[in-house]
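Notes follow the structure.
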Amino acid sequence: MRISFDDLINPDLYPEYEPAPIFSDDTSFIDVVKPEQIKNSDLHVDEFRQPVVIVDNLHVKYEVFSSGKAVGNAGARRLLQPKLKGVRTVHALKGITFVAYENESIGVIGSNGSGKSTLLKAITGLTPPSSGSVYARSRPSLLGVGAALIPDLSGDKNITLGGLALGYSREQVEEMREDITRFAELQEFIDLPMSTYSSGMSARLKFAIAASKKHDILIVDEALAVGDAKFKKRSEAKIREIRDSAGTIFNVSHSMNSIKETCDRVIWIEKGVQMMDGDPDTVIKEYQKHLKAKK
Ligand SMILES: Nc1ncnc2c1ncn2[C@@H]1O[C@H](COP(=O)(O)OP(=O)(O)OP(=O)(O)O)[C@@H](O)[C@H]1O
């Protein structure tokens, strides 16, 4: 017997059905601590503001075979196999230290391969530190909804799946459905299977679903500002709105305009070294000078 979608998500019929979680729960490397505990850190913490994330002398090393293939993370690996032949260590982050406060929107910039994604992965707990620590007031979420969605189902049903995976009740999903559809600009296509969507259309739908949730600590990778120029503008505006209603946001981007528009603080990393941490205009100016000098 084939189970219908509506039956599947009906808790009276299938109480055991749990949609796949959207946000990775694999954050065991992060110490989630209360603000008063964070104040015990040796770092300088502004006592008049609420610290949300503390990154304390963070080092991340990857081990790669000489062929370039990743061995795994050096931190965990070292314990298991002290010496591996033909393995090279990439020191991706070399002592990053900062305190992020409530309502800050922090841009992370730097040349290709400088360690931006590694920093965000360490903050979400996906990559363990080789040394140093990351503390967070609550579990940071990576803005994205890939995992929960099913391409063979319509956009509309995927809104249900995505909403449930974000932890909303079925009633709440119904309340949000129209807004998500409208934001994704998919009114005419919402009943078609997602597999028929262009990459821009499915990216817009994923963004619209993910952005419907309020977050305490939110990590946004630049890939999320998707679609054409118009939708990019709206997704940036949405990121600002989330920032205003939520706690703290981290934003990685190669677009200095997008960083200037969405961030009030910028951290610049180069070859794993923290170069500057300050107001966007000053830091971006120095970064651009550095890029010019390199040419
Ligand atoms: N899983 C991994 N295994 C091995 N090395 C890695 C891994 N991920 C990143 N690296 C290396 O770590 C360094 C930092 O990479 P990372 O992706 O964090 O930089 P990035 O600033 O985000 O780069 P980009 O701007 O090009 O996306 C690079 O030298 C990269 O090759």
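Residues in the structure tokens are named by chain (A, B, ... in the order shown) and by number from 1 within that chain; ligands are numbered from 1 in the order shown.
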
Write out as a Markdown table a residue-level contact list of chain A versus ligand 1 with cut-off 9 Å: for each qualifying residue the closest pair of atoms and the distance in Å to one decimal, counting only C-alpha atoms and all ligand atoms, rows sorted by chain and residue number upward.
| residue | atom | partner | partner_atom_place_in_ligand_line | distance |
| --- | --- | --- | --- | --- |
| A:Val60 | CA | ligand 1 | 12 (O) | 8.6 |
| A:Lys61 | CA | ligand 1 | 12 (O) | 7.7 |
| A:Tyr62 | CA | ligand 1 | 4 (C) | 4.7 |
| A:Glu63 | CA | ligand 1 | 4 (C) | 5.9 |
| A:Val64 | CA | ligand 1 | 4 (C) | 5.4 |
| A:Phe65 | CA | ligand 1 | 4 (C) | 8.9 |
| A:Gly68 | CA | ligand 1 | 4 (C) | 7.6 |
| A:Lys69 | CA | ligand 1 | 4 (C) | 7.2 |
| A:Ala70 | CA | ligand 1 | 3 (N) | 4.5 |
| A:Val71 | CA | ligand 1 | 3 (N) | 7.1 |
| A:Gly72 | CA | ligand 1 | 3 (N) | 6.5 |
| A:Asn73 | CA | ligand 1 | 3 (N) | 7.1 |
| A:Thr89 | CA | ligand 1 | 4 (C) | 8.2 |
| A:Val90 | CA | ligand 1 | 5 (N) | 6.1 |
| A:His91 | CA | ligand 1 | 12 (O) | 6.9 |
| A:Ala92 | CA | ligand 1 | 12 (O) | 4.4 |
| A:Leu93 | CA | ligand 1 | 14 (C) | 7.4 |
| A:Val108 | CA | ligand 1 | 21 (O) | 8.8 |
| A:Ile109 | CA | ligand 1 | 21 (O) | 7.5 |
| A:Gly110 | CA | ligand 1 | 21 (O) | 6.0 |
| A:Ser111 | CA | ligand 1 | 25 (O) | 5.8 |
| A:Asn112 | CA | ligand 1 | 26 (O) | 3.4 |
| A:Gly113 | CA | ligand 1 | 23 (O) | 3.4 |
| A:Ser114 | CA | ligand 1 | 21 (O) | 3.8 |
| A:Gly115 | CA | ligand 1 | 18 (O) | 3.2 |
| A:Lys116 | CA | ligand 1 | 21 (O) | 3.8 |
| A:Ser117 | CA | ligand 1 | 22 (O) | 3.7 |
| A:Thr118 | CA | ligand 1 | 18 (O) | 3.7 |
| A:Leu119 | CA | ligand 1 | 18 (O) | 6.5 |
| A:Leu120 | CA | ligand 1 | 18 (O) | 8.2 |
| A:Lys121 | CA | ligand 1 | 18 (O) | 8.3 |
| A:Thr127 | CA | ligand 1 | 1 (N) | 8.7 |
| A:Val252 | CA | ligand 1 | 22 (O) | 8.0 |
| A:Ser253 | CA | ligand 1 | 25 (O) | 8.0 |
| A:His254 | CA | ligand 1 | 25 (O) | 7.1 |
| A:Ile269 | CA | ligand 1 | 21 (O) | 7.7 |
| A:Glu270 | CA | ligand 1 | 21 (O) | 7.9 |
| A:Lys271 | CA | ligand 1 | 14 (C) | 7.4 |
| A:Gly272 | CA | ligand 1 | 14 (C) | 7.0 |

For those residues, write N, CA and C atoms to a file as a CSV table (one decimal), in the first residue's frame.
chain,number,residue,atom,x,y,z
A,60,VAL,N,43.0,25.4,13.8
A,60,VAL,CA,42.5,24.2,13.2
A,60,VAL,C,43.5,23.7,12.2
A,61,LYS,N,43.8,22.4,12.2
A,61,LYS,CA,44.7,21.8,11.3
A,61,LYS,C,44.0,20.7,10.6
A,62,TYR,N,44.2,20.6,9.3
A,62,TYR,CA,43.7,19.4,8.5
A,62,TYR,C,44.9,18.6,8.1
A,63,GLU,N,44.7,17.3,8.0
A,63,GLU,CA,45.8,16.5,7.4
A,63,GLU,C,45.3,16.0,6.1
A,64,VAL,N,46.2,16.2,5.1
A,64,VAL,CA,45.9,15.7,3.7
A,64,VAL,C,47.0,14.8,3.2
A,65,PHE,N,46.6,13.8,2.5
A,65,PHE,CA,47.7,13.0,1.8
A,65,PHE,C,48.4,13.9,0.8
A,68,GLY,N,46.6,15.2,-2.0
A,68,GLY,CA,45.7,16.3,-1.8
A,68,GLY,C,44.4,15.8,-1.1
A,69,LYS,N,44.2,14.5,-1.0
A,69,LYS,CA,43.0,14.0,-0.5
A,69,LYS,C,43.0,14.2,1.1
A,70,ALA,N,41.9,14.5,1.6
A,70,ALA,CA,41.8,14.8,3.1
A,70,ALA,C,41.9,13.5,3.8
A,71,VAL,N,42.6,13.5,4.9
A,71,VAL,CA,42.7,12.3,5.8
A,71,VAL,C,41.6,12.4,6.9
A,72,GLY,N,41.3,13.6,7.2
A,72,GLY,CA,40.3,13.8,8.3
A,72,GLY,C,40.9,14.9,9.1
A,73,ASN,N,40.2,15.3,10.2
A,73,ASN,CA,40.7,16.4,11.0
A,73,ASN,C,41.8,16.0,11.9
A,89,THR,N,50.2,18.4,6.8
A,89,THR,CA,49.3,19.1,7.6
A,89,THR,C,49.0,20.5,7.1
A,90,VAL,N,47.7,20.9,6.9
A,90,VAL,CA,47.4,22.2,6.5
A,90,VAL,C,46.9,23.0,7.8
A,91,HIS,N,47.7,24.0,8.2
A,91,HIS,CA,47.3,24.8,9.4
A,91,HIS,C,46.3,25.9,8.9
A,92,ALA,N,45.0,25.5,8.9
A,92,ALA,CA,44.0,26.4,8.3
A,92,ALA,C,43.7,27.6,9.2
A,93,LEU,N,43.7,27.5,10.5
A,93,LEU,CA,43.5,28.7,11.4
A,93,LEU,C,44.6,28.7,12.4
A,108,VAL,N,32.9,37.9,7.7
A,108,VAL,CA,34.3,37.3,7.7
A,108,VAL,C,34.8,37.3,6.3
A,109,ILE,N,35.9,38.0,6.1
A,109,ILE,CA,36.5,38.2,4.7
A,109,ILE,C,37.9,37.7,4.6
A,110,GLY,N,38.4,37.6,3.4
A,110,GLY,CA,39.8,37.1,3.2
A,110,GLY,C,39.9,36.4,1.8
A,111,SER,N,41.1,36.3,1.3
A,111,SER,CA,41.3,35.7,0.0
A,111,SER,C,40.9,34.3,0.0
A,112,ASN,N,40.9,33.7,-1.2
A,112,ASN,CA,40.5,32.2,-1.3
A,112,ASN,C,41.5,31.4,-0.5
A,113,GLY,N,40.9,30.4,0.2
A,113,GLY,CA,41.6,29.5,1.0
A,113,GLY,C,42.2,30.1,2.3
A,114,SER,N,41.7,31.3,2.7
A,114,SER,CA,42.3,31.9,3.9
A,114,SER,C,41.8,31.3,5.2
A,115,GLY,N,40.7,30.6,5.1
A,115,GLY,CA,40.2,29.9,6.4
A,115,GLY,C,38.8,30.4,6.8
A,116,LYS,N,38.1,31.1,6.0
A,116,LYS,CA,36.8,31.7,6.4
A,116,LYS,C,35.8,30.5,6.7
A,117,SER,N,35.7,29.6,5.7
A,117,SER,CA,34.7,28.5,5.9
A,117,SER,C,35.1,27.7,7.1
A,118,THR,N,36.4,27.5,7.3
A,118,THR,CA,36.9,26.7,8.4
A,118,THR,C,36.4,27.3,9.7
A,119,LEU,N,36.5,28.7,9.8
A,119,LEU,CA,36.1,29.4,11.0
A,119,LEU,C,34.6,29.1,11.2
A,120,LEU,N,33.8,29.3,10.2
A,120,LEU,CA,32.4,29.1,10.4
A,120,LEU,C,32.1,27.7,10.8
A,121,LYS,N,32.8,26.7,10.2
A,121,LYS,CA,32.5,25.3,10.5
A,121,LYS,C,32.9,25.0,11.9
A,127,THR,N,33.7,21.3,12.7
A,127,THR,CA,35.1,21.0,12.6
A,127,THR,C,35.7,21.2,14.0
A,252,VAL,N,29.8,35.0,5.7
A,252,VAL,CA,31.0,34.9,4.9
A,252,VAL,C,30.7,35.4,3.5
A,253,SER,N,31.5,36.2,2.9
A,253,SER,CA,31.2,36.7,1.5
A,253,SER,C,32.4,37.2,0.8
A,254,HIS,N,32.5,37.0,-0.5
A,254,HIS,CA,33.5,37.6,-1.3
A,254,HIS,C,33.1,39.0,-1.8
A,269,ILE,N,40.7,37.5,7.7
A,269,ILE,CA,41.6,36.4,7.9
A,269,ILE,C,42.4,36.3,6.6
A,270,GLU,N,43.7,36.1,6.8
A,270,GLU,CA,44.6,35.8,5.6
A,270,GLU,C,45.5,34.7,6.0
A,271,LYS,N,45.5,33.6,5.1
A,271,LYS,CA,46.3,32.4,5.4
A,271,LYS,C,46.2,31.9,6.8
A,272,GLY,N,45.0,32.0,7.3
A,272,GLY,CA,44.7,31.5,8.7
A,272,GLY,C,45.0,32.4,9.8

field: Residue list (alpha helix (DSSP H), DSSP) for stretch 196-289 of chain A, as number ranges by chain
entry: A: 199-210, 229-245, 256-262, 280-289

Residue nearest A:Ile259 among A:Arg139, A:Arg240, A:Lys294, A:Lys213 (counting only C-alpha atoms):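 Closest residue, counting only C-alpha atoms: A:Arg240.
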
field: Residue neighbourhood A:Ala237, 9 Å, only C-alpha atoms, exclusion window fewer than 4 positions, as a list in words
entry: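 Counting only C-alpha atoms, the residues come to Lys232, Lys233, Glu241, Ile242, Glu261 and Thr262 of chain A.
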
Distance of atom CA of A:Ile3 from atom CA of A:Glu188, expressed in Å to one decimal place: 26.6 Å

message: I need the residues in stretch 59-194 of chain A that are strand (DSSP E) according to DSSP; give them as a PyMOL selection string.
response: chain A and resi 59-65+70-73+87-101+105-109+131-136+141-142

Residues from the last selection, N, CA and C atoms, saved as a CSV table (one decimal), in the first residue's frame:
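out-v4.csv, freshly written:
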chain,number,residue,atom,x,y,z
A,59,HIS,N,42.9,27.2,16.8
A,59,HIS,CA,43.8,26.6,15.8
A,59,HIS,C,43.0,25.4,15.2
A,60,VAL,N,43.0,25.4,13.8
A,60,VAL,CA,42.5,24.2,13.2
A,60,VAL,C,43.5,23.7,12.2
A,61,LYS,N,43.8,22.4,12.2
A,61,LYS,CA,44.7,21.8,11.3
A,61,LYS,C,44.0,20.7,10.6
A,62,TYR,N,44.2,20.6,9.3
A,62,TYR,CA,43.7,19.4,8.5
A,62,TYR,C,44.9,18.6,8.1
A,63,GLU,N,44.7,17.3,8.0
A,63,GLU,CA,45.8,16.5,7.4
A,63,GLU,C,45.3,16.0,6.1
A,64,VAL,N,46.2,16.2,5.1
A,64,VAL,CA,45.9,15.7,3.7
A,64,VAL,C,47.0,14.8,3.2
A,65,PHE,N,46.6,13.8,2.5
A,65,PHE,CA,47.7,13.0,1.8
A,65,PHE,C,48.4,13.9,0.8
A,70,ALA,N,41.9,14.5,1.6
A,70,ALA,CA,41.8,14.8,3.1
A,70,ALA,C,41.9,13.5,3.8
A,71,VAL,N,42.6,13.5,4.9
A,71,VAL,CA,42.7,12.3,5.8
A,71,VAL,C,41.6,12.4,6.9
A,72,GLY,N,41.3,13.6,7.2
A,72,GLY,CA,40.3,13.8,8.3
A,72,GLY,C,40.9,14.9,9.1
A,73,ASN,N,40.2,15.3,10.2
A,73,ASN,CA,40.7,16.4,11.0
A,73,ASN,C,41.8,16.0,11.9
A,87,VAL,N,51.7,12.2,4.6
A,87,VAL,CA,50.6,13.1,5.0
A,87,VAL,C,51.1,14.5,5.3
A,88,ARG,N,50.4,15.5,4.8
A,88,ARG,CA,50.8,16.9,5.0
A,88,ARG,C,49.8,17.5,5.9
A,89,THR,N,50.2,18.4,6.8
A,89,THR,CA,49.3,19.1,7.6
A,89,THR,C,49.0,20.5,7.1
A,90,VAL,N,47.7,20.9,6.9
A,90,VAL,CA,47.4,22.2,6.5
A,90,VAL,C,46.9,23.0,7.8
A,91,HIS,N,47.7,24.0,8.2
A,91,HIS,CA,47.3,24.8,9.4
A,91,HIS,C,46.3,25.9,8.9
A,92,ALA,N,45.0,25.5,8.9
A,92,ALA,CA,44.0,26.4,8.3
A,92,ALA,C,43.7,27.6,9.2
A,93,LEU,N,43.7,27.5,10.5
A,93,LEU,CA,43.5,28.7,11.4
A,93,LEU,C,44.6,28.7,12.4
A,94,LYS,N,45.2,29.9,12.5
A,94,LYS,CA,46.3,30.0,13.4
A,94,LYS,C,46.1,31.1,14.5
A,95,GLY,N,45.3,30.7,15.5
A,95,GLY,CA,45.1,31.5,16.7
A,95,GLY,C,44.1,32.6,16.4
A,96,ILE,N,42.9,32.3,16.2
A,96,ILE,CA,41.8,33.3,16.0
A,96,ILE,C,41.2,33.5,17.4
A,97,THR,N,41.0,34.8,17.7
A,97,THR,CA,40.4,35.2,19.0
A,97,THR,C,39.5,36.4,18.8
A,98,PHE,N,38.3,36.2,19.3
A,98,PHE,CA,37.3,37.3,19.3
A,98,PHE,C,36.1,37.0,20.2
A,99,VAL,N,35.4,38.0,20.6
A,99,VAL,CA,34.1,37.8,21.3
A,99,VAL,C,33.0,38.5,20.4
A,100,ALA,N,32.0,37.7,20.2
A,100,ALA,CA,30.9,38.2,19.4
A,100,ALA,C,29.7,38.5,20.4
A,101,TYR,N,29.1,39.6,20.3
A,101,TYR,CA,28.0,40.1,21.2
A,101,TYR,C,26.7,40.0,20.6
A,105,SER,N,26.3,41.8,13.7
A,105,SER,CA,26.4,41.0,12.4
A,105,SER,C,27.8,41.1,11.9
A,106,ILE,N,28.5,40.0,12.0
A,106,ILE,CA,29.9,39.9,11.7
A,106,ILE,C,30.2,39.3,10.4
A,107,GLY,N,30.9,40.1,9.5
A,107,GLY,CA,31.3,39.6,8.2
A,107,GLY,C,32.7,39.0,8.4
A,108,VAL,N,32.9,37.9,7.7
A,108,VAL,CA,34.3,37.3,7.7
A,108,VAL,C,34.8,37.3,6.3
A,109,ILE,N,35.9,38.0,6.1
A,109,ILE,CA,36.5,38.2,4.7
A,109,ILE,C,37.9,37.7,4.6
A,131,SER,N,43.6,23.1,18.7
A,131,SER,CA,43.8,23.6,20.0
A,131,SER,C,42.9,24.9,20.1
A,132,GLY,N,42.8,25.4,21.4
A,132,GLY,CA,41.9,26.6,21.6
A,132,GLY,C,40.5,26.1,21.7
A,133,SER,N,39.6,27.1,21.9
A,133,SER,CA,38.2,26.7,22.1
A,133,SER,C,37.2,27.6,21.4
A,134,VAL,N,36.0,27.1,21.3
A,134,VAL,CA,34.9,27.9,20.8
A,134,VAL,C,33.8,27.7,21.9
A,135,TYR,N,33.3,28.8,22.4
A,135,TYR,CA,32.1,28.7,23.3
A,135,TYR,C,31.0,29.5,22.7
A,136,ALA,N,29.8,29.0,22.9
A,136,ALA,CA,28.6,29.7,22.4
A,136,ALA,C,27.5,29.6,23.4
A,141,SER,N,23.2,27.9,14.3
A,141,SER,CA,22.7,27.2,13.2
A,141,SER,C,23.2,27.7,11.9
A,142,LEU,N,23.5,26.8,11.0
A,142,LEU,CA,24.0,27.1,9.7
A,142,LEU,C,22.7,27.3,8.8

task: Using atom CA of A:Phe5 and atom CA of A:Ile190 as the two end points, give the distance in Å to one decimal.
output: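 Rounded to one decimal, the two atoms are 15.7 Å apart.
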
task: Tell me which of A:Asp56, A:Glu47, A:Glu175, A:Glu185 sits closest to A:Asp228, counting only C-alpha atoms.
output: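 Smallest separation from A:Asp228 among the options: A:Glu185.
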
message: What's the separation between atom CA of A:Asp156 and atom CA of A:Asp216, in Å to one decimal place?
response: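 Spanning atom CA of A:Asp156 to atom CA of A:Asp216 is a straight-line distance of 27.0 Å.
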
task: Fewer than 4 positions away in the same chain doesn't count, so skip those; otherwise give me all residues within 12 Å of A:Arg182, counting only C-alpha atoms, as a list in words.
output: Gly155, Asp156, Ile159, Met176, Arg177, Glu178, Leu186, Gln187, Glu188, Phe189, Ile190, Arg204, Leu205, Ala208, Ile209, Phe231 and Arg234 of chain A

What would the file look like if the residues just selected were written as a PDB file, in the first residue's frame with C-alpha atoms?
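Resulting contents of result-v2.pdb:
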ATOM      1  CA  GLY A 155       7.578  22.835  -3.723  1.00  0.00           C
ATOM      2  CA  ASP A 156       4.453  23.064  -1.593  1.00  0.00           C
ATOM      3  CA  ILE A 159       7.595  23.692   2.469  1.00  0.00           C
ATOM      4  CA  MET A 176       3.838  30.533   6.933  1.00  0.00           C
ATOM      5  CA  ARG A 177       3.149  28.725   3.661  1.00  0.00           C
ATOM      6  CA  GLU A 178       1.934  31.709   1.659  1.00  0.00           C
ATOM      7  CA  LEU A 186       7.191  30.495  -6.874  1.00  0.00           C
ATOM      8  CA  GLN A 187       3.432  31.100  -6.775  1.00  0.00           C
ATOM      9  CA  GLU A 188       2.852  29.570 -10.221  1.00  0.00           C
ATOM     10  CA  PHE A 189       5.265  26.687  -9.736  1.00  0.00           C
ATOM     11  CA  ILE A 190       4.619  25.640  -6.176  1.00  0.00           C
ATOM     12  CA  ARG A 204      15.197  30.517  -3.569  1.00  0.00           C
ATOM     13  CA  LEU A 205      12.795  28.001  -2.056  1.00  0.00           C
ATOM     14  CA  ALA A 208      12.799  31.193   1.901  1.00  0.00           C
ATOM     15  CA  ILE A 209      12.156  28.158   4.109  1.00  0.00           C
ATOM     16  CA  PHE A 231      16.335  38.305  -5.370  1.00  0.00           C
ATOM     17  CA  ARG A 234      15.742  40.746  -1.102  1.00  0.00           C
TER      18      ARG A 234
END

query: Counting only C-alpha atoms, which of A:Met194, A:Leu153, A:Leu126, A:Ile267 gets nearest to A:Lys206?
result: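 Of A:Met194, A:Leu153, A:Leu126, A:Ile267, the one nearest A:Lys206, counting only C-alpha atoms, is A:Met194.
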